[in-house]
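What follows is one structure encoded as structure tokens, with my remarks underneath.
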Amino acid sequence: MVEDFQSWLESYDLEKLFSDKRDKETIDKEMFLFVRSDDFDNYFSYDGELGALYEKEGTLLRVWTPTAKSVEVWTYADGSIRKPSQKIAMVQKPKGIFEAYLPGDQHGTIYVYKILFLNNRESVTVDPYSRATTVNGTKSVITDLRRTNPASWGVRVPAFGIPEEAIIYELHIRDFSISESSGIEKKGKFLGLTEKNTKNASGVSTGLDYLVDLGITHVQILPMFDYATVDEANLTQPQYNWGYDPLNYNVPEGSYSSNPFDPFNRIIELKQMIQTLHDNGLRVIMDVVYNHVYNPKDQALERTVPGYFYRYTADGSLANGTGVGNDTASERHMMRKYIIDSVKYWATEYHLDGFRFDLMGIHDSVTMNAIREALDKIDPSIIIIGEGWEMSTPLAEDLKASQKNAQAMPRIAHFNDSIRIALKGSDYGDEKDRGFVSGKNYQEDLLLRNIKGAMHLSSHSSYIDPEQVIQYVEAHDNLTLYDKLLRSNPEDSEEVRIKRHTLATSIVLLSQGVPFIHGGQEFLRTKEGDANSYKSPDEINQFEWERLTTFQESVVYVKGLIALRKSDYLFRMHTHEEIDAHFTTLSENFNIVAFSLENEEKKYIVVFNANRNDTSFEFEKGKYAILVEDNKVFFDRKADFALMEKILVKAHTTTVLYAKKSELNDI
């Protein structure tokens, strides 16, 4: 816009520039262009701490709002009172910063910012960096975070191993415990995940005990920050939302706490939940939604610097690559800083072990790499995964944090939709579309390349290592696998449907990369055909814990496959070079995919049969033990070797054989 922005700033009276006699529409347009310029971004970039910087002796409030003429802090005696008890003028500092110092112990002080902008527009807003709020997130609350720590709260748990050792299990706080069949007392709450010795009506363990027994390593939790569309003040009314409607990014969701009117209760109980999961050997991944906000005009970011934090099209309207009305502009310095600051805060204050980025393809790869770098300084084993879809947002294609650009984002993983589609067919358009497990032919080659860690999928992605590949067939979005099979194969008997379902889960758990299980997938979760249940009632979304009893064989089988995967590095190798050296394709024809995994000491043969009929499969003659057969895992057979060169693989099932190399070489 100008060649020397700093000289231009010094030569103009900004207050005069944006408050002259021209009509308001012209002034607002000039303000918008001013804020959107690269020069503005460069000149006003600020890298210091923002928000309420608490100390017992006093709290420094610091907000970034470069287009403000003046800012006041309004404090309140109570969150329900509309009129402030005090108005304090903030002092303007360089780089668009305004500060106010409140002496004394301000823990619990309720406040908002009143901003008068250069174009004489006004706004009242919560602090974008709020760490606690009043009910429904309407006012910020100064917090001494040390007072929110549980008694057993300490340092972070030790670093995790390589990412391929992770087995991720996705769940929603409310879904997990709200059903009467859960046996959980604190239904729909953070604390519901802390209860032990809970059972369903059949006496089968549920809740936390069930997760531990299943053998997963990481629980990935749908958004648990403060979101907009559940009224925390009226929780007796039926309400539901997944939480992809961000309000206050650094505040826990109040509806999951036992008292949303207490601004600290939600922090304490979330920490208690995380601590309990850690104490029971489970890591926690947080689902984060920095790609859009719920209501752009009312969001604290927009109300502190209008026009800055979002992307816009050429005609000045909000970009809509997310499909929900707005895209945040991660490439802008202060939006990038905000995301990095927020992720660092959750990782350090709440001891989180990973982050799942919703619609990550909206973000730019520079920001994602900066997040990776920041988290490495805290704990390099913190997992970063995201939806690397190709999103239509005004950002250069080579800068998008998409699967196609995975090579530009080392150690950041993407949901591998290629294996999902190969296994069950597309989730979009024709819901009757089929995949490998549901009877579609000629999927073997594509599936095999995905099983090898999504290698050689250059037209679709550019993964560097298997740790970048999240292998899955089902997630909270779209039809559950069970419901998809009902649509695509309605003529199947229930027995066949279960076998198809279990075959798909087997392939995910025995693929190279990082396996991901949607909560309840192991007991054939159904949402009654609802493909987008983000605001559907509990009857659709809840975990039906009685299905643990109905489909107990499936649960036991999945538990066994998890144990098998964890038992040997060959099932979770760390580089594509290792996979090439130890992975041999044995079959990719006639709805059979088979391969061997071997090193100097041992050999596994894995066979996936997607045919309607049992199939005889031949292999190198030798002494083998059968570890997996007919939807059962037999660890106790690992020493029971028998001479064989072929095996009958049942229809729609997986077979795994094990051999000692010395036994093979002696034949």
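Identifiers in this document derive from the order of the structure tokens: chains are assigned A, B, ..., residues are numbered from 1 separately in each chain, and ligands are numbered from 1 in order of occurrence.
Backbone DSSP assigns strand (DSSP E) in region 253-446 of chain A to Arg283, Val284, Ile285, Met286, Asp287, Val288, Gly354, Phe355, Arg356, Phe357, Ile383, Ile384, Ile385, Gly386, Ala413, His414 and Phe415 of chain A.
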(request) Considering only C-alpha atoms, return as an MDAnalysis selection string whatever protein or nucleic-acid residues lie within 12 Å of region 390-399 of chain A, sequence-local ones (same chain, fewer than 6 positions apart) excluded. (result) chainID A and resid 291:292 310:323 325:332 358:369 405:409 414 417 460:461
(request) Tell me which protein, DNA and RNA residues are within 6 Å of Pro263 (chain A), counting only C-alpha atoms, leaving out same-chain ones fewer than 6 positions away, and put them as a PyMOL selection string. (result) chain A and resi 132-134
Keeping only N, CA, C and O atoms, take the residues you just selected and write them out as a PDB file, in the first residue's frame.
ATOM      1  N   ALA A 132     -10.175 -18.149  31.842  1.00  0.00           N
ATOM      2  CA  ALA A 132     -11.390 -18.511  32.570  1.00  0.00           C
ATOM      3  C   ALA A 132     -12.443 -17.471  32.228  1.00  0.00           C
ATOM      4  O   ALA A 132     -12.118 -16.319  31.930  1.00  0.00           O
ATOM      5  N   THR A 133     -13.705 -17.887  32.256  1.00  0.00           N
ATOM      6  CA  THR A 133     -14.803 -16.969  31.957  1.00  0.00           C
ATOM      7  C   THR A 133     -15.971 -17.246  32.884  1.00  0.00           C
ATOM      8  O   THR A 133     -16.033 -18.290  33.547  1.00  0.00           O
ATOM      9  N   THR A 134     -16.914 -16.323  32.866  1.00  0.00           N
ATOM     10  CA  THR A 134     -18.184 -16.560  33.530  1.00  0.00           C
ATOM     11  C   THR A 134     -19.006 -17.513  32.671  1.00  0.00           C
ATOM     12  O   THR A 134     -18.600 -17.891  31.567  1.00  0.00           O
TER      13      THR A 134
END
(message) Give me, as JSON, numbers by chain, the residues of region 301-409 of chain A that a backbone DSSP run labels alpha helix (DSSP H).
(response) {"A": [301, 302, 303, 304, 333, 334, 335, 336, 337, 338, 339, 340, 341, 342, 343, 344, 345, 346, 347, 348, 349, 365, 366, 367, 368, 369, 370, 371, 372, 373, 374, 375, 376]}
Take the residues just selected and output them with N, CA, C and O atoms as a compact mmCIF listing (two decimals), in the first residue's frame.
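part-v5.txt, written as the output of this step:
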# COMPACT_ATOMS: atom_id res chain seq x y z
N LEU A 301 -11.57 -11.99 18.89
CA LEU A 301 -10.51 -11.59 17.96
C LEU A 301 -10.98 -10.45 17.07
O LEU A 301 -10.28 -9.44 16.88
N GLU A 302 -12.16 -10.59 16.50
CA GLU A 302 -12.70 -9.56 15.61
C GLU A 302 -13.03 -8.28 16.39
O GLU A 302 -12.86 -7.17 15.88
N ARG A 303 -13.47 -8.43 17.61
CA ARG A 303 -13.89 -7.25 18.38
C ARG A 303 -12.70 -6.48 18.96
O ARG A 303 -12.88 -5.37 19.47
N THR A 304 -11.51 -7.06 18.88
CA THR A 304 -10.32 -6.31 19.31
C THR A 304 -9.58 -5.69 18.13
O THR A 304 -9.04 -4.59 18.26
N HIS A 333 0.61 -12.59 11.01
CA HIS A 333 1.52 -12.80 12.14
C HIS A 333 0.78 -13.00 13.46
O HIS A 333 1.10 -13.94 14.21
N MET A 334 -0.20 -12.18 13.75
CA MET A 334 -0.82 -12.24 15.06
C MET A 334 -1.85 -13.37 15.18
O MET A 334 -2.14 -13.83 16.29
N MET A 335 -2.40 -13.83 14.04
CA MET A 335 -3.24 -15.02 14.09
C MET A 335 -2.36 -16.25 14.30
O MET A 335 -2.70 -17.15 15.08
N ARG A 336 -1.23 -16.29 13.60
CA ARG A 336 -0.28 -17.39 13.80
C ARG A 336 0.19 -17.42 15.25
O ARG A 336 0.23 -18.48 15.89
N LYS A 337 0.54 -16.25 15.78
CA LYS A 337 0.97 -16.16 17.18
C LYS A 337 -0.13 -16.65 18.11
O LYS A 337 0.14 -17.39 19.07
N TYR A 338 -1.37 -16.27 17.81
CA TYR A 338 -2.48 -16.66 18.68
C TYR A 338 -2.61 -18.18 18.73
O TYR A 338 -2.76 -18.78 19.81
N ILE A 339 -2.55 -18.83 17.58
CA ILE A 339 -2.67 -20.29 17.54
C ILE A 339 -1.52 -20.94 18.29
O ILE A 339 -1.72 -21.85 19.10
N ILE A 340 -0.31 -20.47 18.04
CA ILE A 340 0.87 -21.05 18.71
C ILE A 340 0.78 -20.83 20.22
O ILE A 340 1.02 -21.76 21.01
N ASP A 341 0.43 -19.62 20.63
CA ASP A 341 0.30 -19.33 22.07
C ASP A 341 -0.75 -20.24 22.71
O ASP A 341 -0.55 -20.75 23.83
N SER A 342 -1.86 -20.44 22.02
CA SER A 342 -2.95 -21.25 22.57
C SER A 342 -2.52 -22.70 22.72
O SER A 342 -2.74 -23.33 23.77
N VAL A 343 -1.91 -23.26 21.69
CA VAL A 343 -1.46 -24.65 21.74
C VAL A 343 -0.42 -24.84 22.85
O VAL A 343 -0.47 -25.81 23.61
N LYS A 344 0.52 -23.92 22.94
CA LYS A 344 1.53 -24.00 23.99
C LYS A 344 0.88 -23.94 25.38
O LYS A 344 1.30 -24.64 26.31
N TYR A 345 -0.12 -23.09 25.52
CA TYR A 345 -0.80 -22.96 26.81
C TYR A 345 -1.47 -24.28 27.21
O TYR A 345 -1.30 -24.77 28.34
N TRP A 346 -2.20 -24.89 26.28
CA TRP A 346 -2.87 -26.15 26.59
C TRP A 346 -1.85 -27.25 26.90
O TRP A 346 -2.06 -28.08 27.80
N ALA A 347 -0.75 -27.26 26.17
CA ALA A 347 0.27 -28.30 26.38
C ALA A 347 0.95 -28.15 27.73
O ALA A 347 1.22 -29.15 28.41
N THR A 348 1.23 -26.93 28.12
CA THR A 348 1.96 -26.71 29.37
C THR A 348 1.03 -26.71 30.58
O THR A 348 1.31 -27.38 31.59
N GLU A 349 -0.07 -25.99 30.50
CA GLU A 349 -0.95 -25.85 31.66
C GLU A 349 -1.76 -27.12 31.93
O GLU A 349 -2.02 -27.48 33.07
N SER A 365 1.22 -24.08 5.97
CA SER A 365 2.24 -25.02 6.46
C SER A 365 3.28 -24.34 7.33
O SER A 365 3.85 -24.97 8.24
N VAL A 366 3.54 -23.04 7.11
CA VAL A 366 4.51 -22.32 7.94
C VAL A 366 4.03 -22.30 9.39
O VAL A 366 4.80 -22.53 10.33
N THR A 367 2.73 -22.03 9.57
CA THR A 367 2.16 -22.03 10.93
C THR A 367 2.24 -23.41 11.56
O THR A 367 2.63 -23.55 12.73
N MET A 368 1.90 -24.44 10.81
CA MET A 368 1.93 -25.78 11.37
C MET A 368 3.35 -26.18 11.76
O MET A 368 3.56 -26.80 12.82
N ASN A 369 4.33 -25.82 10.97
CA ASN A 369 5.72 -26.12 11.32
C ASN A 369 6.16 -25.33 12.55
O ASN A 369 6.94 -25.83 13.37
N ALA A 370 5.68 -24.10 12.67
CA ALA A 370 6.00 -23.29 13.85
C ALA A 370 5.39 -23.91 15.11
O ALA A 370 5.99 -23.88 16.19
N ILE A 371 4.20 -24.49 14.98
CA ILE A 371 3.57 -25.18 16.10
C ILE A 371 4.39 -26.41 16.49
O ILE A 371 4.64 -26.67 17.67
N ARG A 372 4.82 -27.16 15.48
CA ARG A 372 5.66 -28.34 15.74
C ARG A 372 6.93 -27.93 16.49
O ARG A 372 7.34 -28.59 17.45
N GLU A 373 7.55 -26.85 16.05
CA GLU A 373 8.78 -26.38 16.68
C GLU A 373 8.52 -25.95 18.13
O GLU A 373 9.31 -26.25 19.03
N ALA A 374 7.42 -25.24 18.35
CA ALA A 374 7.10 -24.78 19.71
C ALA A 374 6.82 -25.95 20.65
O ALA A 374 7.26 -25.95 21.81
N LEU A 375 6.10 -26.96 20.16
CA LEU A 375 5.79 -28.12 21.00
C LEU A 375 7.01 -28.98 21.26
O LEU A 375 7.13 -29.61 22.32
N ASP A 376 7.94 -29.01 20.31
CA ASP A 376 9.17 -29.78 20.51
C ASP A 376 9.96 -29.28 21.71
O ASP A 376 10.65 -30.06 22.39
(request) Rank nothing, just name the residue among A:Glu30, A:Asp127, A:Asp78, A:Glu620 nearest to Val63 (chain A), using only C-alpha atoms. (result) A:Asp127
(request) For each of A:Asp353, A:Lys93, A:Ser80, A:Tyr463, take the minimum atom-to-atom distance to Ala233 (chain A), counting only C-alpha atoms, then give the residue where this is smallest. (result) A:Ser80
(message) My list of candidates is A:Val305, A:Ile451, A:Leu282, A:Ala52. Which is closest to Val212 (chain A) when distances are computed with only C-alpha atoms?
(response) A:Leu282
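Residues in contact with Thr75 (chain A) at up to 6 Å, not including ones fewer than 5 positions away on its chain and judged by only C-alpha atoms, are Pro84, Ser85, Gln86, Ile110 and Tyr111 of chain A.
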With N, CA, C and O atoms retained, write the just-selected residues as an mmCIF file, in the first residue's frame.
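again16.cif written:
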data_model
loop_
_atom_site.group_PDB
_atom_site.id
_atom_site.type_symbol
_atom_site.label_atom_id
_atom_site.label_comp_id
_atom_site.auth_asym_id
_atom_site.auth_seq_id
_atom_site.Cartn_x
_atom_site.Cartn_y
_atom_site.Cartn_z
ATOM 1 N N PRO A 84 -20.608 -2.242 35.056
ATOM 2 C CA PRO A 84 -19.299 -2.443 35.695
ATOM 3 C C PRO A 84 -19.200 -1.685 37.011
ATOM 4 O O PRO A 84 -19.800 -0.624 37.187
ATOM 5 N N SER A 85 -18.440 -2.240 37.918
ATOM 6 C CA SER A 85 -18.203 -1.568 39.190
ATOM 7 C C SER A 85 -17.035 -0.597 39.089
ATOM 8 O O SER A 85 -16.882 0.302 39.921
ATOM 9 N N GLN A 86 -16.189 -0.778 38.056
ATOM 10 C CA GLN A 86 -15.013 0.071 37.899
ATOM 11 C C GLN A 86 -14.629 0.151 36.423
ATOM 12 O O GLN A 86 -14.749 -0.824 35.684
ATOM 13 N N ILE A 110 -13.538 -10.219 37.592
ATOM 14 C CA ILE A 110 -14.275 -10.356 36.327
ATOM 15 C C ILE A 110 -14.075 -9.079 35.518
ATOM 16 O O ILE A 110 -14.193 -7.968 36.056
ATOM 17 N N TYR A 111 -13.797 -9.222 34.213
ATOM 18 C CA TYR A 111 -13.508 -8.021 33.420
ATOM 19 C C TYR A 111 -13.846 -8.224 31.951
ATOM 20 O O TYR A 111 -13.973 -9.350 31.452
#
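Non-sequential neighbours of Asn136 (chain A) (distance at most 7 Å, separation of 2 or more positions within a chain, only C-alpha atoms) are Thr134, Thr138, Asp231 and Glu232 of chain A.
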Put those residues in a file: N, CA and C atoms, as a CSV table (one decimal), in the first residue's frame.
chain,number,residue,atom,x,y,z
A,134,THR,N,-16.9,-16.3,32.9
A,134,THR,CA,-18.2,-16.6,33.5
A,134,THR,C,-19.0,-17.5,32.7
A,138,THR,N,-19.2,-15.1,28.7
A,138,THR,CA,-19.6,-13.7,28.4
A,138,THR,C,-18.6,-12.7,29.0
A,231,ASP,N,-26.1,-23.9,25.9
A,231,ASP,CA,-26.3,-22.9,26.9
A,231,ASP,C,-26.0,-23.5,28.3
A,232,GLU,N,-24.8,-23.1,28.8
A,232,GLU,CA,-24.3,-23.6,30.0
A,232,GLU,C,-25.2,-23.3,31.2
(message) Need to verify the contact set: region 55-61 of chain A, 9 Å, only C-alpha atoms, exclusion of same-chain residues closer than 2 positions in sequence. Can you return it as a list in words?
(response) Leu50, Gly51, Ala52, Leu53, Val63, Val73, Met90, Phe98, Glu99, Ala100, Tyr101, Leu102, Pro103, Gly104, Asp105, Gln106, His107, Ile142 and Asp144 of chain A
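The residue that comes closest to Thr502 (chain A), out of A:Lys424, A:His574, A:Lys638, A:Lys69 and on the basis of only C-alpha atoms, is A:Lys424.
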(request) For CA of Ser130 (chain A) and CA of His278 (chain A), quote the distance in Å rounded to one decimal. (result) 26.0 Å
(request) Have a look at CA of Val135 (chain A) and CA of Ser536 (chain A) and let me know their distance in Å, one decimal. (result) 23.3 Å
(request) Find the spatial neighbours of Gly137 (chain A), counting only C-alpha atoms, within a cut-off of 12 Å - ignore same-chain residues fewer than 5 positions away - and output them as a ChimeraX atom specification. (result) /A:79-80,110-112,125-128,130-132,225-233,246-255,260-263,266,298-300
(request) Could you jot down the CA of Asn611 (chain A) to CA of Glu431 (chain A) separation for me, Å, one decimal place? (result) 21.2 Å
